[in-house]
>>> print(open('upload-v6.csv').read())   # CSV, C-alpha atoms
chain,number,residue,atom,x,y,z
A,10,MET,CA,170.1,91.9,188.6
A,11,PRO,CA,166.9,91.0,186.7
A,12,PHE,CA,167.6,87.3,185.9
A,13,PRO,CA,164.9,85.7,183.6
A,14,PHE,CA,162.5,83.3,185.1
A,15,HIS,CA,163.8,80.3,183.1
A,16,PRO,CA,163.7,76.6,184.1
A,17,ALA,CA,166.8,74.8,185.2
A,18,GLY,CA,169.3,74.4,182.4
A,19,ASP,CA,170.2,76.7,179.5
A,20,ASP,CA,167.2,76.3,177.1
A,21,PRO,CA,163.8,77.8,178.0
A,22,VAL,CA,162.3,77.1,174.6
A,23,PRO,CA,160.9,73.6,175.1
A,24,ALA,CA,159.0,74.5,178.2
A,25,ALA,CA,157.9,77.8,176.8
A,26,VAL,CA,156.5,76.1,173.6
A,27,ARG,CA,154.7,73.5,175.7
A,28,GLY,CA,153.2,76.3,177.8
A,29,PHE,CA,152.1,78.2,174.7
A,30,ALA,CA,150.5,75.1,173.3
A,31,ARG,CA,148.7,74.3,176.5
A,32,ALA,CA,147.4,77.9,176.8
A,33,HIS,CA,146.1,77.9,173.2
A,34,ALA,CA,145.1,74.2,172.8
A,35,ASP,CA,142.0,75.3,170.9
A,36,LEU,CA,144.2,76.9,168.2
A,37,VAL,CA,147.4,74.9,167.9
A,38,THR,CA,148.8,71.4,168.0
A,39,LEU,CA,152.4,70.8,169.3
A,40,HIS,CA,154.8,68.3,167.9
A,41,GLU,CA,158.0,67.8,169.9
A,42,ASP,CA,160.3,65.7,167.7
A,43,PRO,CA,161.3,68.0,166.1
A,44,ILE,CA,159.6,70.9,167.7
A,45,HIS,CA,157.0,72.5,165.5
A,46,LEU,CA,153.4,73.8,165.9
A,47,VAL,CA,150.5,73.4,163.5
A,48,ALA,CA,147.2,75.3,163.4
A,49,ARG,CA,144.1,73.3,164.3
A,50,HIS,CA,141.8,75.3,162.0
A,51,ARG,CA,142.2,76.1,158.3
A,52,ALA,CA,140.0,77.7,155.7
A,53,PRO,CA,138.5,74.9,153.6
A,54,GLY,CA,139.4,76.8,150.4
A,55,ARG,CA,143.1,77.1,151.2
A,56,ARG,CA,145.2,75.5,148.5
A,57,VAL,CA,148.6,76.7,149.8
A,58,GLY,CA,150.1,76.2,153.2
A,59,LEU,CA,151.9,79.1,154.9
A,60,VAL,CA,154.9,78.3,157.1
A,61,SER,CA,157.2,80.6,159.0
A,62,GLY,CA,159.6,80.4,161.9
A,63,GLY,CA,162.8,81.6,163.4
A,64,GLY,CA,164.6,82.0,166.7
A,65,SER,CA,162.8,82.3,169.9
A,66,GLY,CA,162.8,85.4,172.1
A,67,HIS,CA,160.6,87.3,169.6
A,68,GLU,CA,157.2,86.0,171.0
A,69,PRO,CA,154.4,86.2,169.9
A,70,LEU,CA,156.2,85.9,166.5
A,71,HIS,CA,155.6,83.4,165.0
A,72,ALA,CA,153.5,80.9,166.9
A,73,GLY,CA,151.1,83.7,168.1
A,74,PHE,CA,150.0,84.1,164.4
A,75,LEU,CA,149.0,80.5,163.9
A,76,GLY,CA,145.4,80.0,162.9
A,77,ARG,CA,142.8,80.8,160.4
A,78,GLY,CA,143.6,83.9,158.5
A,79,MET,CA,147.3,83.7,159.0
A,80,LEU,CA,149.9,80.8,159.3
A,81,ASP,CA,149.4,77.0,159.1
A,82,ALA,CA,152.6,75.9,160.8
A,83,VAL,CA,155.6,77.3,162.6
A,84,ALA,CA,159.1,76.0,163.4
A,85,PRO,CA,160.6,77.8,166.5
A,86,GLY,CA,164.3,77.7,167.1
A,87,PRO,CA,166.5,78.3,170.1
A,88,VAL,CA,166.7,81.9,171.4
A,89,PHE,CA,168.0,84.2,168.6
A,90,THR,CA,168.9,81.1,166.5
A,91,SER,CA,167.3,79.7,163.4
A,92,PRO,CA,165.2,76.5,163.6
A,93,HIS,CA,166.8,73.3,162.4
A,94,ASN,CA,165.9,72.5,158.8
A,95,LYS,CA,164.4,69.2,160.0
A,96,ALA,CA,161.8,71.2,162.1
A,97,VAL,CA,161.0,73.4,159.0
A,98,LEU,CA,160.6,70.2,156.9
A,99,HIS,CA,158.2,68.6,159.3
A,100,ALA,CA,156.2,71.9,159.7
A,101,SER,CA,156.0,72.2,156.0
A,102,ARG,CA,154.8,68.6,155.5
A,103,ALA,CA,152.0,69.3,158.0
A,104,ALA,CA,151.0,72.6,156.3
A,105,ALA,CA,151.3,71.8,152.6
A,106,GLY,CA,148.1,72.2,150.6
A,107,PRO,CA,147.3,70.7,147.2
A,108,GLU,CA,149.4,73.4,145.5
A,109,GLY,CA,152.3,73.2,148.0
A,110,VAL,CA,153.7,75.5,150.6
A,111,VAL,CA,155.0,79.1,150.9
A,112,HIS,CA,157.8,79.8,153.3
A,113,ILE,CA,157.8,83.3,154.9
A,114,VAL,CA,161.5,83.8,155.9
A,115,LYS,CA,163.1,86.8,157.6
A,116,ASN,CA,166.3,87.8,156.0
A,117,TYR,CA,169.0,86.3,158.2
A,118,THR,CA,171.7,83.8,157.0
A,119,GLY,CA,170.6,80.9,159.3
A,120,ASP,CA,167.0,81.2,158.4
A,121,ARG,CA,167.7,81.4,154.7
A,122,ILE,CA,170.0,78.3,154.9
A,123,ASN,CA,167.7,76.1,156.9
A,124,PHE,CA,164.5,77.0,155.1
A,125,GLY,CA,166.4,76.5,151.9
A,126,ILE,CA,167.5,73.0,152.9
A,127,ALA,CA,164.0,72.1,153.9
A,128,ALA,CA,162.6,73.4,150.6
A,129,GLU,CA,165.1,71.3,148.6
A,130,ARG,CA,163.9,68.2,150.5
A,131,LEU,CA,160.3,69.0,150.0
A,132,ARG,CA,160.8,69.4,146.2
A,133,MET,CA,162.4,66.0,146.2
A,134,GLU,CA,159.3,64.6,147.8
A,135,GLY,CA,157.1,66.3,145.1
A,136,VAL,CA,155.9,69.3,147.1
A,137,ASP,CA,156.0,72.6,145.4
A,138,VAL,CA,157.7,75.4,147.5
A,139,ALA,CA,158.0,79.1,147.1
A,140,ARG,CA,159.8,81.6,149.4
A,141,VAL,CA,158.9,85.1,150.5
A,142,LEU,CA,161.9,86.9,151.9
A,143,VAL,CA,161.1,89.7,154.4
A,144,ASP,CA,163.8,92.4,154.4
A,145,ASP,CA,162.4,95.6,155.8
A,146,ASP,CA,165.0,97.0,158.2
A,147,LEU,CA,166.3,100.4,157.1
A,148,ALA,CA,169.2,100.3,159.5
A,149,THR,CA,170.9,97.7,157.3
A,150,ASP,CA,169.9,99.2,154.0
A,151,GLY,CA,172.9,99.9,151.9
A,152,LEU,CA,175.4,98.2,154.2
A,153,ASP,CA,178.1,96.2,152.5
A,154,THR,CA,176.8,92.8,153.7
A,155,ALA,CA,176.0,89.6,151.9
A,156,THR,CA,172.4,89.5,153.3
A,157,GLY,CA,171.2,93.1,152.9
A,158,ARG,CA,168.3,94.4,154.9
A,159,ARG,CA,167.3,92.4,158.0
A,160,GLY,CA,163.8,91.0,158.3
A,161,THR,CA,161.9,92.6,161.2
A,162,GLY,CA,158.5,94.0,162.0
A,163,ALA,CA,157.1,93.8,158.5
A,164,THR,CA,156.9,90.1,158.9
A,165,VAL,CA,153.6,90.5,160.8
A,166,VAL,CA,152.1,92.5,157.9
A,167,VAL,CA,153.3,90.0,155.3
A,168,GLU,CA,151.9,87.0,157.3
A,169,LYS,CA,148.5,88.8,157.8
A,170,ILE,CA,148.0,89.8,154.2
A,171,LEU,CA,149.2,86.4,152.8
A,172,GLY,CA,147.0,84.5,155.2
A,173,ALA,CA,143.9,86.3,154.0
A,174,ALA,CA,144.9,85.7,150.4
A,175,ALA,CA,145.5,82.0,151.0
A,176,ASP,CA,142.2,81.7,152.8
A,177,GLY,CA,140.6,83.2,149.6
A,178,GLY,CA,142.0,80.4,147.5
A,179,ALA,CA,145.1,82.1,146.0
A,180,GLY,CA,147.6,79.7,144.4
A,181,LEU,CA,151.3,79.2,145.0
A,182,THR,CA,152.6,81.7,142.5
A,183,GLU,CA,149.9,84.3,143.4
A,184,VAL,CA,150.7,84.1,147.1
A,185,ALA,CA,154.5,84.2,146.6
A,186,THR,CA,154.2,87.2,144.2
A,187,LEU,CA,151.9,89.0,146.6
A,188,GLY,CA,154.3,88.4,149.5
A,189,ALA,CA,157.3,89.7,147.6
A,190,GLU,CA,155.3,92.9,146.7
A,191,VAL,CA,154.2,93.4,150.3
A,192,ALA,CA,157.7,92.9,151.6
A,193,ALA,CA,159.1,95.3,149.0
A,194,ALA,CA,156.5,98.0,150.1
A,195,SER,CA,157.6,97.8,153.8
A,196,ARG,CA,160.3,99.5,155.8
A,197,SER,CA,161.1,99.5,159.5
A,198,LEU,CA,163.4,101.1,162.0
A,199,ALA,CA,164.0,100.3,165.7
A,200,VAL,CA,165.6,102.1,168.6
A,201,ALA,CA,166.6,100.9,172.1
A,202,SER,CA,167.4,102.7,175.4
A,203,ARG,CA,168.4,99.4,177.1
A,204,ALA,CA,169.7,96.2,175.7
A,205,GLN,CA,168.1,92.8,176.4
A,206,SER,CA,169.2,91.0,179.6
A,207,SER,CA,171.7,88.3,179.5
A,208,ALA,CA,170.3,85.0,180.8
A,209,ARG,CA,173.7,84.2,182.5
A,210,THR,CA,174.5,87.5,184.1
A,211,GLY,CA,171.1,89.4,184.3
A,212,GLU,CA,172.9,92.4,183.0
A,213,PRO,CA,172.2,94.3,179.7
A,214,ALA,CA,173.9,92.6,176.8
A,215,PHE,CA,175.5,96.0,176.0
A,216,ALA,CA,175.8,99.4,177.7
A,217,LEU,CA,174.3,102.6,176.3
A,218,ASP,CA,175.2,105.1,179.0
A,219,GLY,CA,172.0,107.1,178.6
A,220,GLN,CA,172.1,107.2,174.8
A,221,LEU,CA,169.8,105.5,172.3
A,222,ASP,CA,170.9,102.7,169.9
A,223,TYR,CA,169.4,104.0,166.7
A,224,GLY,CA,168.9,101.1,164.3
A,225,VAL,CA,169.2,98.2,166.7
A,226,GLY,CA,168.4,94.7,165.5
A,227,ILE,CA,165.8,92.3,166.9
A,228,HIS,CA,168.6,89.9,168.1
A,229,GLY,CA,170.3,92.6,170.0
A,230,GLU,CA,172.6,93.6,167.1
A,231,ARG,CA,174.1,96.9,167.9
A,232,ALA,CA,173.2,99.8,165.7
A,233,ARG,CA,175.8,101.6,163.6
A,234,ARG,CA,175.3,104.6,165.8
A,235,SER,CA,174.2,105.6,169.2
A,236,ILE,CA,172.6,109.1,169.6
A,237,ASP,CA,171.9,111.5,172.4
A,238,ARG,CA,168.3,111.0,173.4
A,239,PRO,CA,166.1,113.6,171.9
A,240,SER,CA,162.5,114.3,173.0
A,241,THR,CA,160.1,111.5,172.2
A,242,GLU,CA,158.3,113.9,169.7
A,243,ASP,CA,161.6,114.7,167.9
A,244,LEU,CA,162.6,111.0,167.9
A,245,VAL,CA,159.4,109.8,166.3
A,246,GLU,CA,159.4,112.6,163.8
A,247,ARG,CA,162.9,111.6,162.7
A,248,MET,CA,162.1,108.0,162.5
A,249,VAL,CA,158.9,108.5,160.5
A,250,GLY,CA,160.7,110.8,158.1
A,251,GLU,CA,163.5,108.3,157.4
A,252,ILE,CA,161.0,105.4,157.0
A,253,VAL,CA,158.8,107.4,154.6
A,254,ASP,CA,161.8,108.5,152.6
A,255,GLY,CA,162.8,104.8,152.4
A,256,LEU,CA,159.5,103.6,151.1
A,257,PRO,CA,159.1,102.8,147.4
A,258,ALA,CA,157.0,105.0,145.2
A,259,PRO,CA,153.3,104.1,144.9
A,260,ALA,CA,152.5,101.3,142.5
A,261,PRO,CA,150.8,102.0,139.2
A,262,SER,CA,147.7,100.3,140.6
A,263,GLY,CA,147.3,103.2,143.1
A,264,ASP,CA,148.2,104.2,146.7
A,265,ALA,CA,145.8,103.2,149.5
A,266,GLY,CA,147.8,104.8,152.3
A,267,VAL,CA,150.1,103.1,154.8
A,268,VAL,CA,149.7,100.5,157.5
A,269,LEU,CA,151.6,101.6,160.6
A,270,VAL,CA,152.9,99.0,163.1
A,271,VAL,CA,154.1,100.3,166.5
A,272,ASN,CA,156.0,97.4,168.0
A,273,GLY,CA,157.5,97.1,171.5
A,274,MET,CA,160.9,95.4,171.8
A,275,GLY,CA,159.9,93.6,175.0
A,276,GLY,CA,160.5,96.0,177.8
A,277,THR,CA,158.3,98.9,176.7
A,278,ALA,CA,155.0,99.5,178.4
A,279,LEU,CA,151.8,99.6,176.4
A,280,LEU,CA,151.2,103.1,177.7
A,281,GLU,CA,154.4,104.2,175.9
A,282,LEU,CA,153.4,102.4,172.7
A,283,TYR,CA,150.1,104.2,172.5
A,284,VAL,CA,152.0,107.5,173.0
A,285,LEU,CA,154.3,106.5,170.1
A,286,ALA,CA,151.3,105.5,168.0
A,287,GLU,CA,149.7,108.9,168.4
A,288,LEU,CA,152.9,110.7,167.6
A,289,ALA,CA,153.7,108.6,164.6
A,290,SER,CA,150.1,109.0,163.3
A,291,ALA,CA,150.4,112.7,163.6
A,292,ALA,CA,153.7,112.7,161.7
A,293,LEU,CA,152.1,110.7,158.9
A,294,GLU,CA,149.3,113.2,158.7
A,295,ARG,CA,151.7,116.1,158.4
A,296,ARG,CA,153.2,114.4,155.4
A,297,GLY,CA,149.8,113.9,153.8
A,298,LEU,CA,149.8,110.1,154.2
A,299,ASP,CA,146.5,108.4,154.9
A,300,ARG,CA,146.7,105.6,157.4
A,301,ALA,CA,145.2,102.4,156.1
A,302,GLY,CA,145.7,100.5,159.4
A,303,LEU,CA,147.3,100.8,162.8
A,304,LEU,CA,148.7,97.9,164.8
A,305,VAL,CA,150.0,98.7,168.3
A,306,GLY,CA,151.6,96.2,170.7
A,307,THR,CA,154.5,93.9,171.3
A,308,PHE,CA,154.7,91.6,168.3
A,309,VAL,CA,158.4,91.2,167.4
A,310,PRO,CA,160.4,91.9,170.6
A,311,ALA,CA,164.0,91.2,171.4
A,312,LEU,CA,163.5,89.4,174.8
A,313,ASP,CA,163.2,92.3,177.3
A,314,MET,CA,164.9,95.1,175.3
A,315,ALA,CA,163.6,98.6,176.2
A,316,GLY,CA,162.8,100.2,172.9
A,317,PHE,CA,160.4,100.1,169.9
A,318,SER,CA,160.2,99.8,166.2
A,319,LEU,CA,158.1,101.5,163.6
A,320,THR,CA,157.0,99.8,160.4
A,321,LEU,CA,155.3,101.3,157.4
A,322,THR,CA,153.8,99.4,154.5
A,323,ARG,CA,152.7,101.3,151.5
A,324,MET,CA,149.4,99.7,150.7
A,325,ARG,CA,147.7,99.0,147.4
A,326,PRO,CA,143.9,99.1,147.0
A,327,ALA,CA,143.7,95.3,146.5
A,328,TRP,CA,145.5,94.7,149.8
A,329,THR,CA,143.2,96.7,152.1
A,330,SER,CA,140.5,94.0,152.4
A,331,LEU,CA,143.2,91.4,153.1
A,332,TRP,CA,144.6,93.4,155.9
A,333,SER,CA,141.2,93.9,157.5
A,334,ALA,CA,140.0,90.3,157.0
A,335,PRO,CA,139.3,88.4,160.2
A,336,ALA,CA,142.0,86.2,161.8
A,337,GLN,CA,141.7,83.7,164.6
A,338,THR,CA,145.1,83.4,166.3
A,339,ALA,CA,146.6,83.8,169.8
A,340,ALA,CA,148.2,87.2,169.2
A,341,PHE,CA,146.8,89.1,166.2
A,342,PRO,CA,144.1,91.5,167.6
A,343,ARG,CA,141.2,90.4,165.5
A,344,THR,CA,138.9,87.5,165.9
A,345,GLU,CA,136.7,85.5,163.7
A,346,THR,CA,133.4,87.2,163.1
A,347,SER,CA,130.1,85.4,162.5
>>> encode(input="upload-v6.csv", output="structure tokens")
Amino acid sequence: MPFPFHPAGDDPVPAAVRGFARAHADLVTLHEDPIHLVARHRAPGRRVGLVSGGGSGHEPLHAGFLGRGMLDAVAPGPVFTSPHNKAVLHASRAAAGPEGVVHIVKNYTGDRINFGIAAERLRMEGVDVARVLVDDDLATDGLDTATGRRGTGATVVVEKILGAAADGGAGLTEVATLGAEVAAASRSLAVASRAQSSARTGEPAFALDGQLDYGVGIHGERARRSIDRPSTEDLVERMVGEIVDGLPAPAPSGDAGVVLVVNGMGGTALLELYVLAELASAALERRGLDRAGLLVGTFVPALDMAGFSLTLTRMRPAWTSLWSAPAQTAAFPRTETS
């Protein structure tokens, strides 16, 4: 049984966060009471701080995207659990610019509640706060739930584009409006062939018996359906077709193609992800869609789940330079250029 390499006790997060901060001491500063991380470097023209966070087990989200060109502070929570509102509050205080702070929040009940409590306290302290809610998961589109679509892989796209806009001096309202537009232009879908491992038993959290969970969540939430496993080509064709159909129509300002994110769920080899990137790119070409960007890797996993997600963002002309702008973080595959 593949038990995780966790320290003694039930909570691996404090040691993992300390290890991350030690490995990337040139980029981040760790504060432990409550746990939050702050970027060491910030564009001098940034008027608005960007803060995100959420449950652990999705690394490198979010701490891996701290730094110039992306986030200013992050509040990590326990595994698959929202950070406490106190951690969000302290992270936001550290990140706030002269025009306040924007919270980038994935659409889960705990995250919405705790970021909301922190926002109320910040406003009482005189700090302006806006929220960008990421809700890209097609698997939960149209379900009769109070929350609606879950926030998943598009979070990385939102954080990247908003980071570049904030570096360029955009104000609170401009950044928040842009974030809402990018989130609305994004859709994702994930599949799994094996669930994440339980830390207590070492066994998969649920059994699939050779099938695929089609529409699995990043916290190991079961999909509404399991399907017999098709060929990889047919699977990617089906997923791309559903995501494209779920995208909004091009904006009046014009269509600049799509950004494609091929994301591993934690137990999928990079070899496989590049295969999936090639197949998904070909599927987009067959539909006459230009690719404005391609991001391949493990960015929003679900611990060690074997599977992948595809995210598409329908780009606007004004967003392309923001997507391609340099970033200096631990995990985004671009570095500061001279």
>>> closest_residue(input="upload-v6.csv", among="A:Gly78, A:Pro213, A:Gly276, A:Gly316", to="Ile170 (chain A)", atoms="all atoms listed in the file")
A:Gly78
>>> closest_residue(input="upload-v6.csv", among="A:Trp332, A:Tyr117, A:Phe308, A:Tyr283", to="Thr149 (chain A)", atoms="only C-alpha atoms")
A:Tyr117
>>> atom_distance(input="upload-v6.csv", atom1="CA of Leu321 (chain A)", atom2="CA of Thr186 (chain A)")
19.3 Å
>>> residues_around(input="upload-v6.csv", residues="Leu288 (chain A)", least_positions_apart="4", cutoff="7 Å", atoms="only C-alpha atoms", output="VMD selection string")
chain A and resid 242 245 284 292
>>> closest_residue(input="upload-v6.csv", among="A:Leu142, A:Ala72, A:Val305, A:Met274", to="Gly160 (chain A)", atoms="all atoms listed in the file")
A:Leu142
